[in-house]
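Read the structure below first, then the notes.
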Amino acid sequence: MAENNLRRWPVAPRLPTGNSPASLTAALPQPGPGIISIPDPIAKRTRWPTALGILLVGLVVAVSLAAALTPILLHPDQRIEESLERIAAGVIFAGSYLALAVGRIPGLSVDRAGIALAGAGLMVASGALPLEDAYRAVDLDTITLLLGMMIVVASLRLSGFFAVATAWVRTHANRPPALLCAIVATSGVFSAFLVNDSICLVLAPLVLDLTLALKRRPLPYLLAVAMASNVGSTATITGNPQNIMIGSFSHIPYTRFALALGPVALVGLITTAGLIALFHRAEFADNARLEPPPVKVAANRALVTRALAATLALIAAFFAGVAPAKAAIVIGGLLLLTRRVKSRRIYAEIDWSLLLMFAGLFIIVAGAQHALLGPDMIAAVGRLHLDRVPVLGAVTATLSNLVSNVPAVLMLKPFVETLEDHDKAWLVVAMASTLAGNFTVLGSIANLIVVQKAQASGVTISFWDYFRVGAPLTLITLAIGTLWLWL
């Protein structure tokens with residue numbers, strides 16, 4: 001009797017060979033008299049963001065097309081046409097920045113570069129920004145400097161220079177505290193001159209292999225790579241993408257920029273090592289001598305010498321007053337002239353999507369500025385007193401954590417340019433937008449690179465793992481930077 005009261009469930013049929021969606025769907029049990037159809041709450045929860053994302057994209061595209069077609073079909077007067085362009089520019093700007101802040105559009109396989117390019121295209125299509133103005137909006141100095149620096153870093157990596165540097169650290173940093181300080185110094189100094197995202201891409205796997213070989217916990221040392229990279233990159237114009245943009249916008253000389261923010265980066269790196277050691281006391285309380293196993297370093301001495309000499313010449317040119325974009329692209333071009341490394345290997349190391357994202361962002365911001373930025377808005381923002389260092393620093397840091405640091409800098413550009421002390425304002429924006437990147441693991445691309453490299457090797461860096469060190473580090477370094485530039 002008990003068996004008769006049990007609900008009978010059909011046996012799932014054997015799946016057919018082949019993995020096409022149609023064959024898999026046909027093989028699954030279909031609702032019928034013997035099967036109870038149970039709604040899947042997880043599927044419902046995952047469907048609504050997709051529907052919302054596609055709906056918002058459709059809205060942005062519809063508004064843009066309406067603004068583009070109305071003047072052609074209805075021939076309204078100029079005031080209505082300008083109002084439509086302003087509405088379209090506002091919707092495109094808000095939609096693009098929202099998607100960039102999230103990093104994706106649910107339901108679509110598009111990244112930040114694709115979002116920026118689509119937003120730029122809609123700005124032009126809607127009439128908010130003429131095509132000729134869109135061409136002029138792209139800051140070629142920034143794109144050129146980024147491209148040149150990527151070639152230099154790629155040449156250093158392919159030559160084996162970073163492997164040699166890591167081997168040196170392995171040999172000389174023979175205790176855990178010394179290893180931490182060496183990693184902080186290496187990541188911070190390299191990031192100051194060679195763009196922090198590229199340095200994290202190279203150093204994260206090397207440090208991971210090193211700590212595992214030494215039988216140490218990788219977590220605090222990987223945090224050191226990411227956090228020191230952000231802090232160290234504050235020091236110079238070539239430290240990170242937002243500083244590269246600021247250098248191009250402000251025309252502050254490389255040496256003056258470094259003298260203004262170098263001390264902030266130096267104190268910040270010391271603070272970084274101290275906080276990581278404090279929050280991971282168990283790792284560094286054991287002051288046992290580290291015995292690294294012998295390892296063979298894969299490096300080409302001729303290529304290492306050549307790439308290192310080119311890098312030192314590039315840094316010397318920066319401090320000598322040569323335009324950074326000019327110096328970087330000339331040195332980068334000369335590094336391609338070699339018999340030992342095929343050019344396509346260098347090209348494979350370049351982050352082309354980052355360059356594309358920058359071009360799109362320049363056009364999006366220019367479109368919003370052209371259509372929306374009027375005297376009333378400038379006056380309203382002026383009432384925030386952005387000319388005060390603490391206020392500008394706080395606004396920049398907050399905005400950087402909401403929409404990411406590069407978009408934040410572009411958003412602030414039209415307002416910073418109107419301030420009386422133009423150069424100091426840009427230095428504050430550079431300092432705050434960079435140091436704010438340590439607040440959470442999502443604060444900068446460098447952080448995400450380290451997390452992804454660690455995850456690929458089975459090491460997890462959780463949100464809390466990063467936040468409990470990164471949040472106090474951000475607040476302390478922002479306070480140090482603000483006081484340094486204010487007093």
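Every chain in the structure tokens has a letter given in the order shown (A, B, ...), and although residue numbers restart at 1 in each chain, ligands are simply numbered from 1 in the order shown.
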
Would you mind listing, for every residue of range 379-457 of chain A within 9 Å of range 101-109 of chain A, the two atoms forming the shortest contact and the distance between them in Å to one decimal, using only C-alpha atoms, sorted by chain and ascending residue number, as a Markdown table?
```
| residue | atom | partner | partner_atom | distance |
| --- | --- | --- | --- | --- |
| A:Asn401 | CA | A:Ala101 | CA | 8.7 |
| A:Leu402 | CA | A:Ala101 | CA | 6.6 |
| A:Val403 | CA | A:Ala101 | CA | 4.4 |
| A:Ser404 | CA | A:Ala101 | CA | 6.3 |
| A:Pro407 | CA | A:Ala101 | CA | 8.8 |
```

Enumerate, in order of chain and increasing residue number, the residues of range 161-193 of chain A with an atom no farther than 9 Å from range 290-307 of chain A, each with its shortest atom pair and distance in Å to one decimal, counting only C-alpha atoms, as a tab-separated table.
```
residue	atom	partner	partner_atom	distance
A:Phe161	CA	A:Val304	CA	5.5
A:Ala163	CA	A:Val297	CA	6.4
A:Val164	CA	A:Val297	CA	6.5
A:Ala167	CA	A:Val297	CA	7.3
A:Arg170	CA	A:Pro292	CA	6.7
A:Thr171	CA	A:Pro292	CA	7.2
A:Ala173	CA	A:Leu290	CA	8.0
A:Asn174	CA	A:Leu290	CA	4.8
A:Arg175	CA	A:Leu290	CA	5.4
A:Pro176	CA	A:Leu290	CA	7.4
```

>> Run DSSP on the backbone and tell me which residues of range 18-205 of chain A come out as helix (DSSP H, G or I); list them as a PyMOL selection string.
In response: chain A and resi 21-27+41-73+78-102+112-125+131-137+140-159+161-172+176-194+196-205

Which residues come within 7 Å of Ala371 in chain A, counting only C-alpha atoms, excluding same-chain residues fewer than 4 positions away, as a PDB file with C-alpha atoms, in the first residue's frame?
```
ATOM      1  CA  GLU A  85      19.085  66.493 -29.176  1.00  0.00           C
ATOM      2  CA  ARG A  86      19.485  67.423 -25.494  1.00  0.00           C
ATOM      3  CA  ALA A  89      22.336  63.226 -25.344  1.00  0.00           C
ATOM      4  CA  ALA A 128      23.928  65.571 -30.407  1.00  0.00           C
ATOM      5  CA  GLY A 367      28.377  64.868 -27.037  1.00  0.00           C
TER       6      GLY A 367
END
```

Determine, using only C-alpha atoms, which residues of range 398-446 of chain A have any atom at most 9 Å from an atom of range 248-254 of chain A, and tabulate each with its shortest atom pair and distance in Å to one decimal place, rows ordered by chain and then rising number, as a Markdown table.
```
| residue | atom | partner | partner_atom | distance |
| --- | --- | --- | --- | --- |
| A:Lys413 | CA | A:Phe249 | CA | 8.3 |
| A:Glu417 | CA | A:Ser250 | CA | 8.5 |
| A:His422 | CA | A:Ser250 | CA | 7.6 |
| A:Asp423 | CA | A:Ser250 | CA | 6.5 |
| A:Trp426 | CA | A:Ser250 | CA | 6.8 |
```

Could the residues in this selection be written to a file with C-alpha atoms, as a PDB file, in the first residue's frame?
```
ATOM      1  CA  LYS A 413      36.867  67.591 -17.185  1.00  0.00           C
ATOM      2  CA  GLU A 417      38.904  73.391 -16.726  1.00  0.00           C
ATOM      3  CA  HIS A 422      43.744  74.660 -13.074  1.00  0.00           C
ATOM      4  CA  ASP A 423      46.909  72.636 -12.448  1.00  0.00           C
ATOM      5  CA  TRP A 426      43.987  68.309 -12.044  1.00  0.00           C
TER       6      TRP A 426
END
```

Could you list, as a PDB file with N, CA and C atoms, in the first residue's frame, every residue within 7 Å of Ala471 in chain A, counting only C-alpha atoms and ignoring same-chain residues fewer than 4 positions away?
```pdb
ATOM      1  N   ASN A 438      41.489  51.630  -4.660  1.00  0.00           N
ATOM      2  CA  ASN A 438      41.759  50.582  -3.671  1.00  0.00           C
ATOM      3  C   ASN A 438      40.590  50.334  -2.726  1.00  0.00           C
ATOM      4  N   PHE A 439      39.511  51.088  -2.854  1.00  0.00           N
ATOM      5  CA  PHE A 439      38.429  50.980  -1.875  1.00  0.00           C
ATOM      6  C   PHE A 439      37.765  49.601  -1.911  1.00  0.00           C
ATOM      7  N   THR A 440      37.453  49.115  -3.097  1.00  0.00           N
ATOM      8  CA  THR A 440      36.890  47.775  -3.244  1.00  0.00           C
ATOM      9  C   THR A 440      37.616  47.051  -4.371  1.00  0.00           C
ATOM     10  N   PHE A 467      38.324  44.247   0.727  1.00  0.00           N
ATOM     11  CA  PHE A 467      37.745  45.440   1.335  1.00  0.00           C
ATOM     12  C   PHE A 467      38.319  45.737   2.713  1.00  0.00           C
ATOM     13  N   LEU A 475      41.104  55.347   2.614  1.00  0.00           N
ATOM     14  CA  LEU A 475      40.809  56.516   3.451  1.00  0.00           C
ATOM     15  C   LEU A 475      42.086  57.179   3.960  1.00  0.00           C
TER      16      LEU A 475
END
```

> A:Phe358, A:Ala368, A:Leu56, A:Val429: which is nearest Val395 in chain A, counting only C-alpha atoms?
Replying inline: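 Closest to Val395 in chain A of all the choices is A:Val429.
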
> Smallest atom-to-atom distance to Thr186 in chain A: which of A:Ala273, A:Leu435, A:Ala120, A:Leu485, using only C-alpha atoms?
Replying inline: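 Looking only at the distances to Thr186 in chain A, the closest residue turns out to be A:Ala273.
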
> Which residue, A:Trp352, A:Phe193, A:Phe463, A:Phe415, has the smallest gap to Gly262 in chain A when you use only C-alpha atoms?
Replying inline: A:Phe193

> For Asn240 in chain A, which of A:Ile183, A:Met431, A:Ala320, A:Ala366 is the closest residue, counting only C-alpha atoms?
Replying inline: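 Using only C-alpha atoms, Asn240 in chain A sits closest to A:Met431.
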
> With only C-alpha atoms as the basis for distance, which of A:Gly481, A:Pro324, A:Gly247, A:Pro177 is at the shortest distance from Ala277 in chain A?
Replying inline: A:Pro177

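Omitting range 279-282 of chain A and its sequence neighbours fewer than 6 positions away, and counting only C-alpha atoms, the residues within 10 Å are Leu219, Pro220, Asp465, Arg468 and Val469 of chain A.
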
Selected residues written out, N, CA and C atoms, as a PDB file, in the first residue's frame:
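Once everything was written out, this is part-v3.pdb:
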```pdb
ATOM      1  N   LEU A 219      47.433  35.019  -0.750  1.00  0.00           N
ATOM      2  CA  LEU A 219      46.497  36.145  -0.646  1.00  0.00           C
ATOM      3  C   LEU A 219      47.155  37.475  -0.296  1.00  0.00           C
ATOM      4  N   PRO A 220      47.893  37.590   0.831  1.00  0.00           N
ATOM      5  CA  PRO A 220      48.433  38.927   1.163  1.00  0.00           C
ATOM      6  C   PRO A 220      49.408  39.457   0.118  1.00  0.00           C
ATOM      7  N   ASP A 465      37.929  39.988   1.564  1.00  0.00           N
ATOM      8  CA  ASP A 465      39.388  39.893   1.646  1.00  0.00           C
ATOM      9  C   ASP A 465      40.034  41.193   1.183  1.00  0.00           C
ATOM     10  N   ARG A 468      38.586  44.712   3.506  1.00  0.00           N
ATOM     11  CA  ARG A 468      39.022  44.957   4.881  1.00  0.00           C
ATOM     12  C   ARG A 468      40.416  45.584   4.940  1.00  0.00           C
ATOM     13  N   VAL A 469      41.200  45.435   3.889  1.00  0.00           N
ATOM     14  CA  VAL A 469      42.477  46.143   3.804  1.00  0.00           C
ATOM     15  C   VAL A 469      42.350  47.380   2.918  1.00  0.00           C
TER      16      VAL A 469
END
```

>> Report as a PyMOL selection string all protein, DNA and RNA residues lying within 12 Å of Ala313 in chain A, evaluated on only C-alpha atoms, omitting residues in the same chain fewer than 4 positions from it.
In response: chain A and resi 152+306-309+317-320+322+327-328+330-332+334-335

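The residue that comes closest to Ile151 in chain A, out of A:Ala316, A:Leu203, A:Ile346, A:Ala182 and on the basis of only C-alpha atoms, is A:Ile346.
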
> What is the distance between CA of Val416 in chain A and CA of Asp387 in chain A, in Å to one decimal?
Replying inline: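 Computing the Euclidean distance for CA of Val416 in chain A and CA of Asp387 in chain A yields 8.3 Å.
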
> Could you state the separation of CA of Ile199 in chain A and CA of Ala454 in chain A in Å, given to one decimal place?
Replying inline: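 For CA of Ile199 in chain A relative to CA of Ala454 in chain A, the distance reads 14.8 Å.
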